[in-house]
Amino acid sequence: MASSLLSPPSSATTISFSSSLSTPLPWRPSSALPCRAGGRGGGRRSLSVQSKIREIFMPALSSTMTEGKIVSWVKSEGDVLSKGESVVVVESDKADMDVETFYDGILAAIVVPEGESAPVGAPIGLLAETEDEVAEAKAKAAAKSGSSSSSPSAPPAAPAAETPAVTSNPAPAIAQPPPRTAAPVDGPRKIVATPSAKKLAKQHKVDINKVTGTGPYGRITPADVEAAAGIQPSKPAVTVTAAPAGAAEPAPAAAAPPKSAVPAPPPLPGSTVVPFTTMQAAVSKNMLESLSVPTFRVGYPVTTDALDALYEKVKPKGVTMTAILAKAAAMALVQHPVVNASCKDGKSFTYNSNINIAVAVAINGGLITPVLQDADKLDLYLLSQKWKELVEKARSKQLQPHEYNSGTFTLSNLGMFGVDRFDAILPPGQGAIMAVGASKPTVVADTDGFFSVKSKMLVNVTADHRIVYGADLAAFLQTFSKIVENPESLTL
């Protein structure tokens, strides 16, 4: 699975990246066809590119990705690259992806080494067109890395910045003038801003294209937007932790540190602090986002004797229980489309035209939900084959973005571990998630008062109460129960 570096804008299936030229092209803005001689004025125009160095940007490999980690560089500095070759492996919040180049050239410099992360849109390497530009590219890369690493040396220009230079965390965030001066030299560049910065810019009617970023690699932060809007920064107190150096200004802000210090007690002796992986950080972000959605839960017991008998019959043919449950859920969703709907803006909701069942899978270091697309239209055997392929790709971190971010309904099955019941957290952007427990022998009484033992499993569904109501969910669960208790239709 490959993504593209510096891909052309016309490619719909690959990820496009901007590139910048180290020497601007000498043509006039009024030229409609710069490559054609003998224009409207009769004069002859010629184009000459004396030096072409392209920046390799950190790609956006998913809709939720804000930064990526360099897993490995497939190519080394000085290697000659051909169009379509894999250059670097990037870890997104969901998968590891090989990234290709759409240009011939020489990998002149690696800006972000293996194991380090960079925000989406930040330069991670430089591609030179010929050997003559390699030295220039290396100098530019050194300037970029030097400006970010030597940012504490910038405060001499501003006395107030000397105090933060003592601390390790605030200093780089405050003193980042070097990227400001480097950006105009490289020509047009993609604007990179944090989501909160974009929101602030919209609130205060600030043109984000005119804001100079002070974050890593020139990224625009909320503080940059506040400064552009003329708003006094609300949290300068974080930098006061190293302020015994004695400036008169930090004194009033000294009341704020207790707030940030209280919720962070020191770790227990012998404890180990482990930073989130990219995937774990994405899961954490999604879970926090889920808290903003009003949800409710409904449980329903389902008799599974007939389903168990069907599974024993089709299991030798490669059919999995997950595929059976996904198929049953998809068939029930056909009759209850509101449970397959989604609300993303809080003002309207969408009836999704496809029934794409996302199934939670635990992988090493995280959780991912491969998607069985059009699960209602595939037969049980093809669905099982598709599911096995998705699981293999998920375990090897080779899923394509559309194979994990296109779900309209999620299924989570812990019954295979003997869990009899549990509640699932609703994924952002979906209307409902089904939690399936284990099937266990249960004593039941019929209408005549006779007792018997039947296998039952408890199904709990968590739904978005803005679009799905109790009666909707009850009706959906009744339909699902009928399909499971009479599963002949699943094999049609």
# chains A, B, ... in the order shown; residues from 1 in each chain; ligands from 1
call {"tool": "residues_around", "arguments": {"residues": "A:Ala394", "least_positions_apart": "5", "cutoff": "8 Å", "atoms": "only C-alpha atoms", "output": "number ranges by chain"}}
result
A: 95, 363, 368, 370, 399
call {"tool": "closest_residue", "arguments": {"among": "A:Asn356, A:Leu325, A:Lys210, A:Val314", "to": "A:Ala375", "atoms": "only C-alpha atoms"}}
result
A:Asn356
call {"tool": "residues_around", "arguments": {"residues": "A:Tyr469", "least_positions_apart": "4", "cutoff": "12 Å", "atoms": "only C-alpha atoms", "output": "number ranges by chain"}}
result
A: 294-298, 336, 338-339, 431-432, 461-465, 473-476
call {"tool": "write_last_selection", "arguments": {"atoms": "N, CA and C atoms", "output": "tab-separated table (two decimals), in the first residue's frame"}}
result
chain	number	residue	atom	x	y	z
A	294	PRO	N	-24.58	12.95	23.07
A	294	PRO	CA	-25.53	12.35	24.03
A	294	PRO	C	-25.93	10.95	23.59
A	295	THR	N	-25.60	9.97	24.37
A	295	THR	CA	-25.88	8.58	23.99
A	295	THR	C	-26.80	7.91	25.00
A	296	PHE	N	-27.39	6.80	24.57
A	296	PHE	CA	-28.15	5.94	25.47
A	296	PHE	C	-27.91	4.50	25.05
A	297	ARG	N	-28.23	3.57	25.94
A	297	ARG	CA	-27.91	2.16	25.69
A	297	ARG	C	-29.14	1.29	25.90
A	298	VAL	N	-29.27	0.29	25.05
A	298	VAL	CA	-30.38	-0.66	25.15
A	298	VAL	C	-29.81	-2.07	25.03
A	336	HIS	N	-33.99	-0.67	9.06
A	336	HIS	CA	-34.01	0.43	10.02
A	336	HIS	C	-32.88	1.41	9.68
A	338	VAL	N	-32.40	4.51	9.99
A	338	VAL	CA	-32.04	5.59	10.91
A	338	VAL	C	-30.92	5.16	11.85
A	339	VAL	N	-30.82	3.86	12.14
A	339	VAL	CA	-29.74	3.37	13.01
A	339	VAL	C	-28.41	3.40	12.26
A	431	GLY	N	-23.90	6.53	14.12
A	431	GLY	CA	-25.15	6.61	14.87
A	431	GLY	C	-25.28	5.56	15.95
A	432	ALA	N	-24.58	4.41	15.79
A	432	ALA	CA	-24.74	3.34	16.77
A	432	ALA	C	-23.57	2.37	16.71
A	461	VAL	N	-26.61	-2.11	22.57
A	461	VAL	CA	-26.36	-1.12	21.52
A	461	VAL	C	-26.30	0.27	22.14
A	462	THR	N	-25.23	0.99	21.84
A	462	THR	CA	-25.08	2.39	22.24
A	462	THR	C	-25.39	3.26	21.02
A	463	ALA	N	-26.27	4.24	21.18
A	463	ALA	CA	-26.71	5.03	20.03
A	463	ALA	C	-26.68	6.52	20.33
A	464	ASP	N	-26.59	7.30	19.27
A	464	ASP	CA	-26.63	8.76	19.33
A	464	ASP	C	-28.08	9.19	19.50
A	465	HIS	N	-28.41	9.74	20.67
A	465	HIS	CA	-29.82	10.05	20.96
A	465	HIS	C	-30.32	11.27	20.18
A	473	LEU	N	-34.37	1.97	18.29
A	473	LEU	CA	-33.37	0.97	18.66
A	473	LEU	C	-34.04	-0.34	19.07
A	474	ALA	N	-35.18	-0.26	19.76
A	474	ALA	CA	-35.90	-1.47	20.15
A	474	ALA	C	-36.37	-2.24	18.91
A	475	ALA	N	-36.89	-1.50	17.93
A	475	ALA	CA	-37.37	-2.15	16.71
A	475	ALA	C	-36.20	-2.79	15.95
A	476	PHE	N	-35.06	-2.10	15.91
A	476	PHE	CA	-33.88	-2.66	15.24
A	476	PHE	C	-33.42	-3.95	15.92
call {"tool": "residues_around", "arguments": {"residues": "A:Lys386", "least_positions_apart": "6", "cutoff": "10 Å", "atoms": "only C-alpha atoms", "output": "NGL selection string"}}
result
:A and (323 or 371-373 or 378 or 380)
call {"tool": "residues_around", "arguments": {"residues": "A:Tyr300", "least_positions_apart": "3", "cutoff": "8 Å", "atoms": "only C-alpha atoms", "output": "tab-separated table (two decimals) with all heavy atoms, in the first residue's frame"}}
result
chain	number	residue	atom	x	y	z
A	458	LEU	N	-26.34	-11.69	25.14
A	458	LEU	CA	-26.87	-10.35	25.40
A	458	LEU	C	-26.20	-9.36	24.46
A	458	LEU	O	-24.98	-9.29	24.37
A	458	LEU	CB	-26.61	-9.95	26.85
A	458	LEU	CG	-27.29	-8.66	27.33
A	458	LEU	CD1	-28.80	-8.77	27.21
A	458	LEU	CD2	-26.91	-8.35	28.76
A	459	VAL	N	-27.05	-8.62	23.75
A	459	VAL	CA	-26.56	-7.61	22.80
A	459	VAL	C	-26.90	-6.23	23.35
A	459	VAL	O	-28.06	-5.95	23.65
A	459	VAL	CB	-27.20	-7.81	21.41
A	459	VAL	CG1	-26.78	-6.70	20.47
A	459	VAL	CG2	-26.80	-9.16	20.83
A	460	ASN	N	-25.90	-5.39	23.50
A	460	ASN	CA	-26.10	-4.01	23.96
A	460	ASN	C	-25.74	-3.05	22.83
A	460	ASN	O	-24.67	-3.17	22.23
A	460	ASN	CB	-25.22	-3.70	25.17
A	460	ASN	CG	-25.72	-4.36	26.43
A	460	ASN	OD1	-26.86	-4.81	26.49
A	460	ASN	ND2	-24.88	-4.46	27.44
A	477	LEU	N	-33.39	-3.95	17.25
A	477	LEU	CA	-32.94	-5.13	17.98
A	477	LEU	C	-33.91	-6.30	17.82
A	477	LEU	O	-33.49	-7.47	17.77
A	477	LEU	CB	-32.75	-4.79	19.46
A	477	LEU	CG	-31.50	-3.96	19.77
A	477	LEU	CD1	-31.53	-3.43	21.20
A	477	LEU	CD2	-30.24	-4.79	19.54
call {"tool": "residues_around", "arguments": {"residues": "stretch 406-421 of chain A", "least_positions_apart": "4", "cutoff": "10 Å", "atoms": "only C-alpha atoms", "output": "mmCIF file with N, CA, C and O atoms, in the first residue's frame"}}
result
data_model
loop_
_atom_site.group_PDB
_atom_site.id
_atom_site.type_symbol
_atom_site.label_atom_id
_atom_site.label_comp_id
_atom_site.auth_asym_id
_atom_site.auth_seq_id
_atom_site.Cartn_x
_atom_site.Cartn_y
_atom_site.Cartn_z
ATOM 1 N N GLY A 299 -30.203 -2.948 25.951
ATOM 2 C CA GLY A 299 -29.773 -4.341 25.913
ATOM 3 C C GLY A 299 -30.905 -5.247 25.469
ATOM 4 O O GLY A 299 -32.090 -4.963 25.724
ATOM 5 N N MET A 321 -17.662 -16.327 12.870
ATOM 6 C CA MET A 321 -18.810 -15.809 13.606
ATOM 7 C C MET A 321 -18.925 -14.293 13.435
ATOM 8 O O MET A 321 -20.034 -13.746 13.374
ATOM 9 N N THR A 322 -17.792 -13.618 13.331
ATOM 10 C CA THR A 322 -17.823 -12.165 13.117
ATOM 11 C C THR A 322 -18.543 -11.823 11.822
ATOM 12 O O THR A 322 -19.355 -10.885 11.774
ATOM 13 N N LEU A 325 -22.345 -12.316 12.296
ATOM 14 C CA LEU A 325 -22.966 -11.229 13.050
ATOM 15 C C LEU A 325 -23.018 -9.939 12.234
ATOM 16 O O LEU A 325 -24.001 -9.189 12.294
ATOM 17 N N ALA A 326 -21.959 -9.670 11.470
ATOM 18 C CA ALA A 326 -21.941 -8.467 10.623
ATOM 19 C C ALA A 326 -23.026 -8.542 9.566
ATOM 20 O O ALA A 326 -23.697 -7.549 9.263
ATOM 21 N N ALA A 329 -26.411 -7.971 11.252
ATOM 22 C CA ALA A 329 -26.595 -6.549 11.578
ATOM 23 C C ALA A 329 -26.901 -5.741 10.329
ATOM 24 O O ALA A 329 -27.763 -4.857 10.339
ATOM 25 N N ALA A 330 -26.195 -6.047 9.232
ATOM 26 C CA ALA A 330 -26.419 -5.312 7.981
ATOM 27 C C ALA A 330 -27.834 -5.527 7.461
ATOM 28 O O ALA A 330 -28.492 -4.586 6.986
ATOM 29 N N LEU A 333 -30.150 -3.463 9.489
ATOM 30 C CA LEU A 333 -30.015 -2.035 9.192
ATOM 31 C C LEU A 333 -30.753 -1.650 7.919
ATOM 32 O O LEU A 333 -31.191 -0.501 7.775
ATOM 33 N N VAL A 339 -30.822 3.856 12.136
ATOM 34 C CA VAL A 339 -29.742 3.370 13.012
ATOM 35 C C VAL A 339 -28.411 3.398 12.264
ATOM 36 O O VAL A 339 -27.344 3.419 12.882
ATOM 37 N N ASN A 340 -28.479 3.422 10.934
ATOM 38 C CA ASN A 340 -27.275 3.499 10.096
ATOM 39 C C ASN A 340 -26.936 4.946 9.731
ATOM 40 O O ASN A 340 -25.987 5.205 9.000
ATOM 41 N N ALA A 341 -27.729 5.889 10.240
ATOM 42 C CA ALA A 341 -27.512 7.306 9.922
ATOM 43 C C ALA A 341 -26.391 7.873 10.785
ATOM 44 O O ALA A 341 -25.899 7.235 11.717
ATOM 45 N N SER A 342 -25.985 9.105 10.476
ATOM 46 C CA SER A 342 -24.914 9.748 11.236
ATOM 47 C C SER A 342 -25.181 11.240 11.358
ATOM 48 O O SER A 342 -25.774 11.852 10.472
ATOM 49 N N TYR A 351 -28.740 10.131 6.130
ATOM 50 C CA TYR A 351 -29.043 8.727 5.875
ATOM 51 C C TYR A 351 -27.980 8.199 4.917
ATOM 52 O O TYR A 351 -27.940 8.585 3.750
ATOM 53 N N ASN A 352 -27.118 7.346 5.404
ATOM 54 C CA ASN A 352 -26.025 6.837 4.578
ATOM 55 C C ASN A 352 -26.551 5.866 3.525
ATOM 56 O O ASN A 352 -27.399 5.015 3.814
ATOM 57 N N SER A 353 -26.039 6.025 2.310
ATOM 58 C CA SER A 353 -26.515 5.195 1.197
ATOM 59 C C SER A 353 -25.907 3.800 1.211
ATOM 60 O O SER A 353 -26.408 2.895 0.554
ATOM 61 N N ASN A 354 -24.822 3.615 1.956
ATOM 62 C CA ASN A 354 -24.176 2.305 2.058
ATOM 63 C C ASN A 354 -24.219 1.821 3.494
ATOM 64 O O ASN A 354 -24.220 2.619 4.431
ATOM 65 N N ILE A 355 -24.262 0.520 3.644
ATOM 66 C CA ILE A 355 -24.191 -0.091 4.965
ATOM 67 C C ILE A 355 -22.803 -0.685 5.107
ATOM 68 O O ILE A 355 -22.504 -1.757 4.575
ATOM 69 N N ASN A 356 -21.934 0.043 5.795
ATOM 70 C CA ASN A 356 -20.542 -0.365 5.980
ATOM 71 C C ASN A 356 -20.325 -0.712 7.448
ATOM 72 O O ASN A 356 -20.354 0.166 8.308
ATOM 73 N N ILE A 357 -20.119 -1.995 7.710
ATOM 74 C CA ILE A 357 -19.983 -2.463 9.082
ATOM 75 C C ILE A 357 -18.513 -2.426 9.495
ATOM 76 O O ILE A 357 -17.685 -3.164 8.951
ATOM 77 N N ALA A 358 -18.197 -1.560 10.449
ATOM 78 C CA ALA A 358 -16.853 -1.514 11.024
ATOM 79 C C ALA A 358 -16.805 -2.483 12.201
ATOM 80 O O ALA A 358 -17.729 -2.520 13.019
ATOM 81 N N VAL A 359 -15.734 -3.269 12.274
ATOM 82 C CA VAL A 359 -15.605 -4.269 13.344
ATOM 83 C C VAL A 359 -14.330 -3.989 14.125
ATOM 84 O O VAL A 359 -13.244 -3.887 13.546
ATOM 85 N N ALA A 360 -14.471 -3.845 15.443
ATOM 86 C CA ALA A 360 -13.321 -3.519 16.290
ATOM 87 C C ALA A 360 -12.357 -4.702 16.359
ATOM 88 O O ALA A 360 -12.769 -5.842 16.600
ATOM 89 N N VAL A 361 -11.076 -4.411 16.132
ATOM 90 C CA VAL A 361 -10.027 -5.426 16.190
ATOM 91 C C VAL A 361 -8.892 -4.906 17.066
ATOM 92 O O VAL A 361 -8.383 -3.803 16.840
ATOM 93 N N THR A 369 -10.624 -0.389 13.455
ATOM 94 C CA THR A 369 -11.924 -0.919 13.020
ATOM 95 C C THR A 369 -11.954 -1.082 11.499
ATOM 96 O O THR A 369 -12.417 -0.191 10.776
ATOM 97 N N PRO A 370 -11.473 -2.218 10.980
ATOM 98 C CA PRO A 370 -11.603 -2.477 9.542
ATOM 99 C C PRO A 370 -13.074 -2.501 9.142
ATOM 100 O O PRO A 370 -13.945 -2.889 9.937
ATOM 101 N N VAL A 371 -13.350 -2.086 7.920
ATOM 102 C CA VAL A 371 -14.738 -1.892 7.481
ATOM 103 C C VAL A 371 -15.117 -2.899 6.405
ATOM 104 O O VAL A 371 -14.440 -3.028 5.380
ATOM 105 N N LEU A 372 -16.211 -3.607 6.652
ATOM 106 C CA LEU A 372 -16.820 -4.486 5.645
ATOM 107 C C LEU A 372 -17.818 -3.632 4.861
ATOM 108 O O LEU A 372 -18.938 -3.393 5.316
ATOM 109 N N GLN A 373 -17.400 -3.173 3.701
ATOM 110 C CA GLN A 373 -18.225 -2.258 2.918
ATOM 111 C C GLN A 373 -19.342 -3.004 2.199
ATOM 112 O O GLN A 373 -19.144 -4.106 1.693
ATOM 113 N N ASP A 374 -20.528 -2.370 2.182
ATOM 114 C CA ASP A 374 -21.719 -2.962 1.553
ATOM 115 C C ASP A 374 -21.967 -4.372 2.073
ATOM 116 O O ASP A 374 -22.191 -5.317 1.307
ATOM 117 N N PRO A 401 -6.716 3.926 3.903
ATOM 118 C CA PRO A 401 -7.629 4.783 4.680
ATOM 119 C C PRO A 401 -9.101 4.437 4.500
ATOM 120 O O PRO A 401 -9.861 4.421 5.488
ATOM 121 N N HIS A 402 -9.541 4.148 3.264
ATOM 122 C CA HIS A 402 -10.960 3.857 3.062
ATOM 123 C C HIS A 402 -11.364 2.528 3.687
ATOM 124 O O HIS A 402 -12.563 2.232 3.805
ATOM 125 N N ILE A 425 -18.307 2.277 23.537
ATOM 126 C CA ILE A 425 -18.324 3.734 23.353
ATOM 127 C C ILE A 425 -18.584 4.041 21.889
ATOM 128 O O ILE A 425 -17.952 3.465 20.998
ATOM 129 N N LEU A 426 -19.498 4.957 21.651
ATOM 130 C CA LEU A 426 -19.888 5.301 20.282
ATOM 131 C C LEU A 426 -18.747 5.995 19.547
ATOM 132 O O LEU A 426 -18.225 7.008 20.020
ATOM 133 N N PRO A 427 -18.346 5.487 18.384
ATOM 134 C CA PRO A 427 -17.293 6.169 17.616
ATOM 135 C C PRO A 427 -17.814 7.490 17.048
ATOM 136 O O PRO A 427 -18.991 7.598 16.697
ATOM 137 N N GLY A 429 -18.977 10.292 14.622
ATOM 138 C CA GLY A 429 -19.472 10.275 13.248
ATOM 139 C C GLY A 429 -20.380 9.108 12.907
ATOM 140 O O GLY A 429 -20.809 8.982 11.763
ATOM 141 N N GLN A 430 -20.708 8.243 13.875
ATOM 142 C CA GLN A 430 -21.612 7.127 13.622
ATOM 143 C C GLN A 430 -22.832 7.236 14.514
ATOM 144 O O GLN A 430 -22.815 7.922 15.543
ATOM 145 N N GLY A 431 -23.899 6.527 14.117
ATOM 146 C CA GLY A 431 -25.147 6.605 14.871
ATOM 147 C C GLY A 431 -25.278 5.559 15.950
ATOM 148 O O GLY A 431 -26.001 5.767 16.926
ATOM 149 N N ALA A 432 -24.579 4.410 15.792
ATOM 150 C CA ALA A 432 -24.741 3.344 16.775
ATOM 151 C C ALA A 432 -23.573 2.370 16.713
ATOM 152 O O ALA A 432 -22.905 2.235 15.684
ATOM 153 N N ILE A 433 -23.363 1.674 17.841
ATOM 154 C CA ILE A 433 -22.366 0.615 17.934
ATOM 155 C C ILE A 433 -22.976 -0.534 18.728
ATOM 156 O O ILE A 433 -23.641 -0.314 19.745
ATOM 157 N N MET A 434 -22.756 -1.757 18.255
ATOM 158 C CA MET A 434 -23.326 -2.937 18.895
ATOM 159 C C MET A 434 -22.243 -3.704 19.643
ATOM 160 O O MET A 434 -21.194 -4.008 19.085
ATOM 161 N N ALA A 435 -22.510 -4.015 20.909
ATOM 162 C CA ALA A 435 -21.601 -4.811 21.731
ATOM 163 C C ALA A 435 -22.208 -6.190 21.925
ATOM 164 O O ALA A 435 -23.313 -6.321 22.467
ATOM 165 N N VAL A 436 -21.496 -7.223 21.478
ATOM 166 C CA VAL A 436 -22.016 -8.593 21.502
ATOM 167 C C VAL A 436 -21.287 -9.396 22.570
ATOM 168 O O VAL A 436 -20.055 -9.478 22.568
ATOM 169 N N GLY A 437 -22.055 -9.982 23.483
ATOM 170 C CA GLY A 437 -21.492 -10.820 24.526
ATOM 171 C C GLY A 437 -21.485 -12.290 24.128
ATOM 172 O O GLY A 437 -21.901 -12.677 23.030
ATOM 173 N N ALA A 438 -21.021 -13.115 25.047
ATOM 174 C CA ALA A 438 -20.903 -14.550 24.773
ATOM 175 C C ALA A 438 -22.275 -15.221 24.831
ATOM 176 O O ALA A 438 -23.175 -14.801 25.565
ATOM 177 N N SER A 439 -22.410 -16.288 24.071
ATOM 178 C CA SER A 439 -23.622 -17.109 24.104
ATOM 179 C C SER A 439 -23.463 -18.146 25.205
ATOM 180 O O SER A 439 -22.500 -18.923 25.212
ATOM 181 N N LYS A 440 -24.428 -18.175 26.153
ATOM 182 C CA LYS A 440 -24.319 -19.073 27.295
ATOM 183 C C LYS A 440 -25.636 -19.801 27.535
ATOM 184 O O LYS A 440 -26.722 -19.253 27.272
ATOM 185 N N LYS A 456 -28.281 -18.271 24.998
ATOM 186 C CA LYS A 456 -28.656 -16.866 24.791
ATOM 187 C C LYS A 456 -27.412 -15.986 24.874
ATOM 188 O O LYS A 456 -26.472 -16.275 25.618
ATOM 189 N N MET A 457 -27.427 -14.912 24.094
ATOM 190 C CA MET A 457 -26.373 -13.902 24.201
ATOM 191 C C MET A 457 -27.037 -12.545 24.402
ATOM 192 O O MET A 457 -28.150 -12.293 23.913
ATOM 193 N N LEU A 458 -26.341 -11.686 25.142
ATOM 194 C CA LEU A 458 -26.871 -10.353 25.403
ATOM 195 C C LEU A 458 -26.203 -9.359 24.463
ATOM 196 O O LEU A 458 -24.976 -9.293 24.374
ATOM 197 N N VAL A 459 -27.046 -8.619 23.749
ATOM 198 C CA VAL A 459 -26.560 -7.615 22.804
ATOM 199 C C VAL A 459 -26.896 -6.229 23.349
ATOM 200 O O VAL A 459 -28.061 -5.947 23.649
ATOM 201 N N ASN A 460 -25.895 -5.391 23.501
ATOM 202 C CA ASN A 460 -26.096 -4.008 23.963
ATOM 203 C C ASN A 460 -25.737 -3.048 22.831
ATOM 204 O O ASN A 460 -24.673 -3.174 22.228
ATOM 205 N N VAL A 461 -26.614 -2.114 22.567
ATOM 206 C CA VAL A 461 -26.361 -1.123 21.522
ATOM 207 C C VAL A 461 -26.302 0.270 22.144
ATOM 208 O O VAL A 461 -27.194 0.654 22.899
ATOM 209 N N THR A 462 -25.226 0.993 21.838
ATOM 210 C CA THR A 462 -25.078 2.393 22.241
ATOM 211 C C THR A 462 -25.388 3.261 21.024
ATOM 212 O O THR A 462 -24.828 3.019 19.946
ATOM 213 N N ALA A 463 -26.270 4.241 21.179
ATOM 214 C CA ALA A 463 -26.712 5.028 20.029
ATOM 215 C C ALA A 463 -26.682 6.525 20.332
ATOM 216 O O ALA A 463 -26.739 6.952 21.490
#
call {"tool": "residues_around", "arguments": {"residues": "stretch 127-134 of chain A", "least_positions_apart": "4", "cutoff": "8 Å", "atoms": "only C-alpha atoms", "output": "CSV table (one decimal) with C-alpha atoms, in the first residue's frame"}}
result
chain,number,residue,atom,x,y,z
A,51,SER,CA,17.5,25.5,-9.5
A,52,LYS,CA,14.7,23.2,-8.5
A,53,ILE,CA,14.6,21.7,-5.0
A,54,ARG,CA,11.3,20.1,-4.0
A,55,GLU,CA,10.3,19.8,-0.4
A,56,ILE,CA,8.9,16.4,0.7
A,104,ASP,CA,12.6,11.7,-10.6
A,105,GLY,CA,15.5,13.2,-8.7
A,106,ILE,CA,18.0,12.8,-5.8
A,107,LEU,CA,17.1,12.5,-2.2
A,108,ALA,CA,19.4,15.4,-1.2
A,109,ALA,CA,18.6,15.7,2.5
A,138,LYS,CA,21.8,20.2,2.3
call {"tool": "select_by_dssp", "arguments": {"residues": "stretch 275-362 of chain A", "states": "alpha helix (DSSP H)", "output": "PyMOL selection string"}}
result
chain A and resi 278-290+305-314+321-335
call {"tool": "atom_distance", "arguments": {"atom1": "atom CA of A:Pro123", "atom2": "atom CA of A:Thr277"}}
result
21.2 Å
call {"tool": "atom_distance", "arguments": {"atom1": "atom CA of A:Lys83", "atom2": "atom CA of A:Glu403"}}
result
25.9 Å
call {"tool": "closest_residue", "arguments": {"among": "A:Pro119, A:Leu126, A:Glu226, A:Pro301", "to": "A:Ala193", "atoms": "only C-alpha atoms"}}
result
A:Pro119
call {"tool": "closest_residue", "arguments": {"among": "A:Ile110, A:Leu307, A:Ala471, A:Met65", "to": "A:Gly78", "atoms": "only C-alpha atoms"}}
result
A:Ile110
call {"tool": "atom_distance", "arguments": {"atom1": "atom CA of A:Gln335", "atom2": "atom CA of A:Tyr381"}}
result
22.3 Å
call {"tool": "closest_residue", "arguments": {"among": "A:Arg466, A:Lys393, A:Lys315, A:Lys482", "to": "A:Cys343", "atoms": "only C-alpha atoms"}}
result
A:Arg466
call {"tool": "select_by_dssp", "arguments": {"residues": "stretch 250-447 of chain A", "states": "strand (DSSP E or B)", "output": "MDAnalysis selection string"}}
result
chainID A and resid 295:303 342 350 357:359 361:363 366:368 371:372 409:413 432:436 440:445
